[in-house]
$ cat my_file08.cif   # mmCIF, C-alpha atoms
data_work
#
loop_
_atom_site.label_atom_id
_atom_site.label_comp_id
_atom_site.auth_asym_id
_atom_site.auth_seq_id
_atom_site.Cartn_x
_atom_site.Cartn_y
_atom_site.Cartn_z
CA MET A 1 6.59 -48.88 62.77
CA PRO A 2 4.90 -48.30 59.44
CA THR A 3 5.62 -50.64 56.56
CA LEU A 4 7.21 -49.18 53.48
CA LEU A 5 5.08 -49.84 50.41
CA LYS A 6 7.21 -47.99 47.94
CA SER A 7 10.15 -45.64 47.84
CA GLU A 8 11.56 -43.32 45.22
CA LYS A 9 14.58 -41.04 45.18
CA LEU A 10 14.78 -37.75 43.29
CA GLU A 11 17.67 -35.40 42.84
CA VAL A 12 17.15 -31.67 43.28
CA SER A 13 19.97 -29.65 41.79
CA GLU A 14 18.16 -27.10 39.66
CA GLU A 15 14.98 -25.11 39.77
CA ARG A 16 13.05 -27.32 37.34
CA HIS A 17 13.40 -30.21 39.76
CA ILE A 18 10.99 -28.47 42.14
CA VAL A 19 8.26 -29.16 39.59
CA THR A 20 9.46 -32.76 39.25
CA VAL A 21 9.17 -33.16 43.03
CA ARG A 22 5.64 -31.72 43.02
CA GLN A 23 4.59 -34.12 40.26
CA ALA A 24 6.15 -37.15 41.95
CA VAL A 25 4.51 -36.28 45.29
CA ARG A 26 1.16 -35.86 43.54
CA LYS A 27 1.51 -39.30 41.97
CA VAL A 28 2.17 -41.02 45.29
CA ALA A 29 -0.55 -38.99 47.04
CA LEU A 30 -3.01 -40.18 44.39
CA GLU A 31 -1.93 -43.79 44.81
CA ILE A 32 -2.45 -43.55 48.57
CA LYS A 33 -5.80 -41.90 47.80
CA LEU A 34 -5.30 -38.79 49.89
CA SER A 35 -8.24 -36.38 49.68
CA LEU A 36 -7.86 -33.46 47.28
CA VAL A 37 -7.25 -30.97 50.09
CA ASP A 38 -4.65 -33.23 51.73
CA GLN A 39 -2.94 -33.78 48.38
CA THR A 40 -2.81 -30.04 47.78
CA LYS A 41 -1.40 -29.40 51.24
CA LEU A 42 1.25 -32.09 50.90
CA ILE A 43 2.32 -30.99 47.41
CA THR A 44 2.49 -27.35 48.52
CA ALA A 45 4.60 -28.27 51.57
CA ALA A 46 6.88 -30.37 49.35
CA SER A 47 7.22 -27.50 46.91
CA GLU A 48 8.31 -25.12 49.68
CA LEU A 49 10.81 -27.59 51.11
CA ALA A 50 12.22 -28.58 47.71
CA ARG A 51 12.86 -24.90 47.01
CA ASN A 52 14.54 -24.50 50.42
CA LEU A 53 16.65 -27.55 49.66
CA LEU A 54 17.86 -25.88 46.50
CA ILE A 55 18.25 -22.30 47.75
CA TYR A 56 19.61 -22.86 51.24
CA GLY A 57 20.97 -26.38 51.07
CA GLY A 58 22.60 -26.01 47.66
CA GLY A 59 20.58 -28.96 46.34
CA GLY A 60 20.22 -32.47 47.62
CA GLU A 61 17.85 -35.34 47.45
CA VAL A 62 14.20 -35.97 47.99
CA ILE A 63 13.06 -39.42 49.07
CA LEU A 64 9.42 -40.26 48.63
CA GLU A 65 7.80 -43.06 50.56
CA ALA A 66 4.35 -44.62 50.50
CA LEU A 67 3.60 -46.06 53.94
CA LYS A 68 1.12 -48.34 55.58
CA GLU A 69 0.57 -48.38 59.32
CA GLY A 70 -2.27 -50.54 60.54
CA VAL A 71 -5.32 -49.42 58.65
CA ARG A 72 -3.97 -46.08 57.57
CA ASN A 73 -1.81 -45.16 54.62
CA GLY A 74 0.42 -42.19 54.32
CA VAL A 75 3.03 -40.39 52.29
CA ARG A 76 6.37 -39.44 53.79
CA VAL A 77 8.86 -37.17 52.06
CA HIS A 78 12.46 -36.64 53.12
CA PHE A 79 14.49 -33.59 52.07
CA VAL A 80 18.17 -34.17 52.59
CA ASP A 81 21.00 -31.76 51.91
CA GLU A 82 24.61 -31.42 52.90
CA GLY A 83 24.48 -27.65 52.95
CA PRO A 84 25.43 -25.23 55.73
CA GLY A 85 22.73 -26.48 58.11
CA ILE A 86 20.47 -24.38 60.29
CA GLU A 87 21.95 -22.58 63.27
CA ASN A 88 18.79 -21.60 65.10
CA ILE A 89 16.01 -24.04 64.27
CA GLU A 90 13.41 -22.31 66.41
CA LEU A 91 14.03 -19.01 64.63
CA ALA A 92 14.03 -20.69 61.20
CA LEU A 93 10.58 -22.12 61.89
CA ARG A 94 9.11 -18.77 62.81
CA ASP A 95 6.86 -17.16 60.23
CA GLY A 96 8.39 -14.19 58.51
CA PHE A 97 11.97 -15.20 59.25
CA THR A 98 14.15 -15.48 56.17
CA SER A 99 17.84 -15.44 55.49
CA GLY A 100 17.41 -15.71 51.76
CA GLY A 101 15.09 -12.94 50.63
CA GLY A 102 11.99 -15.13 50.52
CA MET A 103 8.80 -14.49 52.41
CA GLY A 104 9.83 -16.63 55.34
CA LEU A 105 6.80 -18.87 55.06
CA GLY A 106 8.48 -22.00 53.80
CA LEU A 107 9.43 -23.93 56.93
CA GLY A 108 6.70 -22.82 59.33
CA GLY A 109 4.10 -22.96 56.57
CA ALA A 110 5.15 -26.42 55.43
CA LYS A 111 4.97 -27.62 59.03
CA ARG A 112 1.36 -26.48 59.30
CA LEU A 113 0.40 -28.31 56.12
CA VAL A 114 1.39 -31.80 57.23
CA ASN A 115 0.64 -34.19 60.09
CA GLU A 116 4.23 -34.88 61.08
CA PHE A 117 7.25 -32.64 60.66
CA GLU A 118 10.75 -33.44 61.75
CA LEU A 119 13.81 -31.26 61.30
CA VAL A 120 17.32 -32.45 62.04
CA SER A 121 20.09 -29.99 61.36
CA ALA A 122 23.31 -28.58 62.75
CA PRO A 123 25.73 -25.98 61.39
CA GLY A 124 28.04 -27.61 58.88
CA LYS A 125 26.15 -30.89 59.04
CA GLY A 126 23.41 -30.36 56.49
CA THR A 127 19.68 -30.56 57.02
CA HIS A 128 17.23 -33.44 56.98
CA ILE A 129 13.54 -32.60 56.99
CA THR A 130 10.86 -35.28 57.04
CA ILE A 131 7.17 -34.60 56.47
CA THR A 132 4.32 -37.10 56.63
CA ARG A 133 0.70 -36.79 55.68
CA TRP A 134 -1.64 -39.61 56.71
CA LYS A 135 -4.86 -40.50 55.05
CA MET B 1 12.25 -20.44 26.29
CA ASP B 2 8.89 -21.29 27.83
CA ARG B 3 6.36 -18.50 28.04
CA ILE B 4 2.81 -18.17 29.21
CA PRO B 5 0.76 -16.45 26.49
CA ILE B 6 -0.85 -13.10 27.23
CA LEU B 7 -3.99 -12.31 25.22
CA ARG B 8 -5.32 -8.85 24.64
CA MET B 9 -9.03 -8.12 24.61
CA GLY B 10 -9.84 -4.43 24.31
CA GLN B 11 -8.46 -2.68 27.34
CA PHE B 12 -7.75 -5.94 29.11
CA LEU B 13 -4.96 -8.46 29.16
CA LEU B 14 -5.88 -12.08 29.80
CA VAL B 15 -3.60 -14.76 31.12
CA THR B 16 -4.54 -18.37 31.66
CA ILE B 17 -1.98 -20.38 33.56
CA GLN B 18 -2.36 -23.97 32.43
CA VAL B 19 0.96 -25.50 33.29
CA ASP B 20 2.69 -26.42 36.51
CA MET B 21 4.88 -23.33 36.61
CA HIS B 22 8.52 -23.54 37.54
CA ASP B 23 9.89 -20.46 39.26
CA GLN B 24 11.59 -18.94 36.23
CA LEU B 25 8.39 -19.23 34.21
CA ALA B 26 6.55 -17.30 36.93
CA LEU B 27 9.20 -14.57 36.87
CA THR B 28 9.06 -14.39 33.07
CA LEU B 29 5.30 -13.96 33.24
CA GLN B 30 5.73 -11.14 35.74
CA ASP B 31 8.15 -9.35 33.40
CA ASP B 32 6.10 -10.01 30.26
CA LEU B 33 2.92 -8.74 31.87
CA THR B 34 4.40 -5.47 33.07
CA THR B 35 5.90 -4.88 29.64
CA ARG B 36 2.58 -5.63 27.94
CA ILE B 37 0.69 -3.28 30.27
CA THR B 38 2.91 -0.40 29.22
CA THR B 39 3.01 -1.21 25.51
CA SER B 40 -0.70 -1.92 25.18
CA LEU B 41 -1.87 0.73 27.69
CA ALA B 42 -4.08 -1.94 29.23
CA LYS B 43 -6.39 -0.90 32.03
CA GLY B 44 -6.98 -4.31 33.47
CA VAL B 45 -5.28 -7.69 33.82
CA LEU B 46 -7.16 -10.92 34.41
CA ILE B 47 -5.24 -13.97 35.57
CA ASP B 48 -7.06 -17.29 35.43
CA ILE B 49 -5.52 -19.86 37.77
CA SER B 50 -8.34 -22.43 37.61
CA SER B 51 -5.96 -25.06 36.23
CA LEU B 52 -3.36 -24.50 38.93
CA GLU B 53 -3.28 -27.42 41.36
CA ILE B 54 -1.10 -25.65 43.86
CA VAL B 55 -0.05 -22.11 44.71
CA ASP B 56 3.02 -22.10 46.90
CA SER B 57 4.69 -19.06 48.46
CA PHE B 58 6.67 -18.36 45.29
CA ILE B 59 3.65 -18.30 42.98
CA GLY B 60 1.69 -16.43 45.66
CA ARG B 61 4.37 -13.81 45.79
CA MET B 62 4.32 -13.51 42.01
CA LEU B 63 0.54 -12.93 42.04
CA GLY B 64 1.02 -10.22 44.66
CA ASN B 65 3.85 -8.63 42.69
CA ILE B 66 1.85 -8.57 39.47
CA SER B 67 -1.03 -6.90 41.25
CA SER B 68 1.21 -4.20 42.78
CA MET B 69 3.16 -3.61 39.59
CA ALA B 70 -0.02 -3.37 37.53
CA ARG B 71 -1.43 -0.80 39.95
CA VAL B 72 1.71 1.31 39.76
CA LEU B 73 1.36 1.20 35.97
CA GLY B 74 -2.25 2.36 36.13
CA ALA B 75 -3.96 -0.98 35.62
CA GLU B 76 -6.06 -3.11 37.95
CA SER B 77 -5.69 -6.85 38.13
CA VAL B 78 -7.84 -9.70 39.28
CA VAL B 79 -7.00 -13.35 39.94
CA VAL B 80 -9.84 -15.73 39.12
CA GLY B 81 -10.76 -19.39 39.45
CA MET B 82 -8.76 -20.44 42.47
CA GLN B 83 -9.65 -24.01 43.43
CA PRO B 84 -11.07 -24.39 46.95
CA ALA B 85 -8.30 -26.80 48.00
CA VAL B 86 -5.73 -24.24 46.86
CA ALA B 87 -7.44 -21.49 48.87
CA ILE B 88 -7.48 -23.63 52.02
CA THR B 89 -3.83 -24.52 51.60
CA LEU B 90 -2.76 -20.93 50.90
CA VAL B 91 -4.32 -19.60 54.06
CA GLU B 92 -2.86 -22.39 56.16
CA LEU B 93 0.51 -21.75 54.61
CA GLY B 94 0.21 -18.18 55.85
CA LEU B 95 -0.38 -16.37 52.57
CA SER B 96 -3.54 -14.30 52.41
CA LEU B 97 -2.75 -12.53 49.12
CA THR B 98 -3.37 -9.11 50.66
CA GLY B 99 -3.97 -6.49 48.00
CA VAL B 100 -4.79 -9.03 45.29
CA HIS B 101 -8.31 -8.78 43.89
CA THR B 102 -9.94 -12.14 43.37
CA ALA B 103 -13.14 -13.39 41.78
CA LEU B 104 -14.74 -16.79 41.46
CA ASP B 105 -14.61 -17.10 37.70
CA VAL B 106 -13.62 -15.27 34.53
CA GLU B 107 -17.03 -13.69 34.10
CA LYS B 108 -17.10 -12.22 37.60
CA GLY B 109 -13.51 -11.14 37.21
CA MET B 110 -14.28 -9.22 34.00
CA GLU B 111 -17.21 -7.58 35.75
CA LEU B 112 -14.93 -6.45 38.55
CA LEU B 113 -12.37 -5.05 36.10
CA ARG B 114 -15.07 -3.13 34.20
CA ARG B 115 -16.27 -1.67 37.46
CA PHE B 116 -12.76 -0.52 38.32
CA ILE B 117 -12.39 1.15 34.94
CA ARG B 118 -15.77 2.84 35.21
CA ALA B 119 -14.89 4.22 38.64
CA ASP B 120 -11.57 5.37 37.27
CA SER B 121 -13.07 7.19 34.26
CA GLN B 122 -15.69 8.85 36.43
CA TRP B 123 -12.99 10.10 38.69
CA ASN B 124 -11.08 11.41 35.69
CA SER B 125 -14.07 13.21 34.20
CA SER B 126 -14.99 14.87 37.48
CA ASP B 127 -11.38 15.87 37.75
CA ALA B 128 -11.53 17.43 34.25
CA HIS B 129 -14.68 19.26 35.23
CA PHE B 130 -12.94 20.66 38.22
CA VAL B 131 -10.13 21.94 36.00
CA GLU B 132 -12.58 23.67 33.65
CA ILE B 133 -14.10 25.72 36.45
#
$ encode --input "my_file08.cif" --output "structure tokens"
Amino acid sequence: MPTLLKSEKLEVSEERHIVTVRQAVRKVALEIKLSLVDQTKLITAASELARNLLIYGGGGEVILEALKEGVRNGVRVHFVDEGPGIENIELALRDGFTSGGGMGLGLGGAKRLVNEFELVSAPGKGTHITITRWK
Amino acid sequence: MDRIPILRMGQFLLVTIQVDMHDQLALTLQDDLTTRITTSLAKGVLIDISSLEIVDSFIGRMLGNISSMARVLGAESVVVGMQPAVAITLVELGLSLTGVHTALDVEKGMELLRRFIRADSQWNSSDAHFVEI
């Protein structure tokens, strides 16, 4: 189990908060000393998921964690909402699938940009997505 | 309200995005640019994104929209200065910005726009010639 070095909670209830999430993720990614490409990937994934949280989940919270596991450090970001949940997770992860008029790149794209991606959701039970990028 | 300034230089409109754009700001830019193309009869639009640290699907879509809208309004557009890390991320995300002209820097972007305009005016003059006959 990785040790938690630091944790921070952010609320996402309006569009401007997506930028706040990006900036907070950048800060932690810098502290962990992720490479520039890894930082960019993580921030982009976080931006997609924060927007999903707002559009599909009706807002929620983002929890940022700086982790240490053995010799490696990492950043983990949780996106938690109590929205309608996802009925068909496999379909939602497919590129080009959208129920909200977007491009349908958010979930699948975000998954490709990180090392670990976990999605827990059920109809009526909200959605909890966790992404991790290791150094 | 926040706005990204649009500069006019001859037949071109120049935009430099220097802030971390929230979604509404991106939409406002899209609207402002299309309006400016029609009011200024611009032939080219250059968008400098060298200060942008990320381009997510929303901003990517906006860049694509601006390029399509500009074309419909008779102007060409070019996006310049994308950081390598941003390019890598965009492609992995699944966005290839199809239909968006890109160039490495402002200078190369201006060159590209001038070339488009030259090709366009040649086409127009040969067309006029055809009408005369």
$ closest_atom_pairs --input "my_file08.cif" --of "region 50-72 of chain B" --to "region 7-25 of chain A" --cutoff "12 Å" --atoms "all atoms listed in the file" --output "JSON lines"
{"residue": "B:Glu53", "atom": "CA", "partner": "A:Arg22", "partner_atom": "CA", "distance": 10.0}
{"residue": "B:Ile54", "atom": "CA", "partner": "A:Arg22", "partner_atom": "CA", "distance": 9.1}
{"residue": "B:Val55", "atom": "CA", "partner": "A:Arg22", "partner_atom": "CA", "distance": 11.3}
{"residue": "B:Asp56", "atom": "CA", "partner": "A:Arg22", "partner_atom": "CA", "distance": 10.7}
{"residue": "B:Phe58", "atom": "CA", "partner": "A:Ile18", "partner_atom": "CA", "distance": 11.4}
$ atom_distance --input "my_file08.cif" --atom1 "CA of His22 (chain B)" --atom2 "CA of Thr132 (chain A)"
23.8 Å
$ residues_around --input "my_file08.cif" --residues "Leu105 (chain A)" --least-positions-apart "5" --cutoff "9 Å" --atoms "all atoms listed in the file" --output "list in words"
Glu48, Leu93, Arg94, Asp95, Gly96, Phe97, Thr98 and Ala110 of chain A; Ser57, Leu93, Gly94 and Leu95 of chain B
$ residues_around --input "my_file08.cif" --residues "Ile66 (chain B)" --least-positions-apart "3" --cutoff "9 Å" --atoms "all atoms listed in the file" --output "PyMOL selection string"
chain B and resi 29-31+33-34+61-63+69-71+77+100
$ residues_around --input "my_file08.cif" --residues "Pro123 (chain A)" --least-positions-apart "5" --cutoff "12 Å" --atoms "all atoms listed in the file" --output "list of chain:residue names"
A:Gly57, A:Glu82, A:Gly83, A:Pro84, A:Gly85, A:Ile86, A:Glu87, A:Asn88, A:Ile89
$ closest_residue --input "my_file08.cif" --among "A:Val37, A:Val28, A:Leu113, A:Ile131" --to "Glu92 (chain B)" --atoms "only C-alpha atoms"
A:Leu113
$ residues_around --input "my_file08.cif" --residues "Ala75 (chain B)" --least-positions-apart "3" --cutoff "10 Å" --atoms "only C-alpha atoms" --output "list in words"
Gln11, Phe12, Leu13, Thr34, Ile37, Thr38, Leu41, Ala42, Lys43, Gly44, Val45, Ser67, Ser68, Met69, Ala70, Arg71, Val72, Leu113, Phe116 and Ile117 of chain B
$ residues_around --input "my_file08.cif" --residues "Leu4 (chain A)" --least-positions-apart "6" --cutoff "10 Å" --atoms "all atoms listed in the file" --output "ChimeraX atom specification"
/A:65-69,73-76
$ atom_distance --input "my_file08.cif" --atom1 "CA of Leu42 (chain A)" --atom2 "CA of Ala29 (chain A)"
8.1 Å
$ atom_distance --input "my_file08.cif" --atom1 "CA of Leu64 (chain A)" --atom2 "CA of Glu31 (chain A)"
12.5 Å
$ closest_residue --input "my_file08.cif" --among "A:Leu30, A:Val71, A:Ile63, A:Leu107" --to "Arg51 (chain A)" --atoms "all atoms listed in the file"
A:Leu107
$ resolve_selection --input "my_file08.cif" --expression "the PyMOL selection byres ((chain B and resi 50) around 8)" --output "PyMOL selection string"
chain B and resi 17+48-49+51-52+80-83
$ closest_residue --input "my_file08.cif" --among "A:His78, A:Lys27, A:Lys6, A:Lys135" --to "Leu119 (chain A)" --atoms "only C-alpha atoms"
A:His78
$ closest_residue --input "my_file08.cif" --among "A:Arg72, A:Lys33, A:Arg26, A:Lys41" --to "Trp134 (chain A)" --atoms "all atoms listed in the file"
A:Arg72
$ resolve_selection --input "my_file08.cif" --expression "the PyMOL selection byres ((chain A and resi 118) around 6)" --output "PyMOL selection string"
chain A and resi 117+119+129-130
$ closest_residue --input "my_file08.cif" --among "B:Thr102, B:Thr35, B:Thr28, B:Gln18" --to "Asp2 (chain B)" --atoms "only C-alpha atoms"
B:Thr28
$ closest_residue --input "my_file08.cif" --among "A:Met1, A:Ile32, A:Ala46, A:Val80" --to "chain B" --atoms "all atoms listed in the file"
A:Ala46
$ build_atoms --input "my_file08.cif" --residues "region 45-56 of chain A" --atoms "N, CA and C atoms" --output "compact mmCIF listing (two decimals), keeping the file's coordinate frame"
# COMPACT_ATOMS: atom_id res chain seq x y z
N ALA A 45 3.52 -28.17 50.58
CA ALA A 45 4.60 -28.27 51.57
C ALA A 45 5.87 -28.79 50.90
N ALA A 46 5.72 -29.80 50.04
CA ALA A 46 6.88 -30.37 49.35
C ALA A 46 7.53 -29.35 48.43
N SER A 47 6.70 -28.52 47.80
CA SER A 47 7.22 -27.50 46.91
C SER A 47 8.07 -26.48 47.68
N GLU A 48 7.57 -26.07 48.84
CA GLU A 48 8.31 -25.12 49.68
C GLU A 48 9.65 -25.72 50.11
N LEU A 49 9.60 -26.97 50.57
CA LEU A 49 10.81 -27.59 51.11
C LEU A 49 11.82 -27.93 50.01
N ALA A 50 11.31 -28.29 48.82
CA ALA A 50 12.22 -28.58 47.71
C ALA A 50 12.94 -27.30 47.30
N ARG A 51 12.23 -26.17 47.36
CA ARG A 51 12.86 -24.90 47.01
C ARG A 51 13.90 -24.53 48.07
N ASN A 52 13.57 -24.74 49.34
CA ASN A 52 14.54 -24.50 50.42
C ASN A 52 15.80 -25.34 50.22
N LEU A 53 15.56 -26.60 49.87
CA LEU A 53 16.65 -27.55 49.66
C LEU A 53 17.63 -26.99 48.62
N LEU A 54 17.05 -26.42 47.59
CA LEU A 54 17.86 -25.88 46.50
C LEU A 54 18.53 -24.55 46.89
N ILE A 55 17.74 -23.64 47.45
CA ILE A 55 18.25 -22.30 47.75
C ILE A 55 19.22 -22.29 48.94
N TYR A 56 18.80 -22.93 50.02
CA TYR A 56 19.61 -22.86 51.24
C TYR A 56 20.56 -24.04 51.40
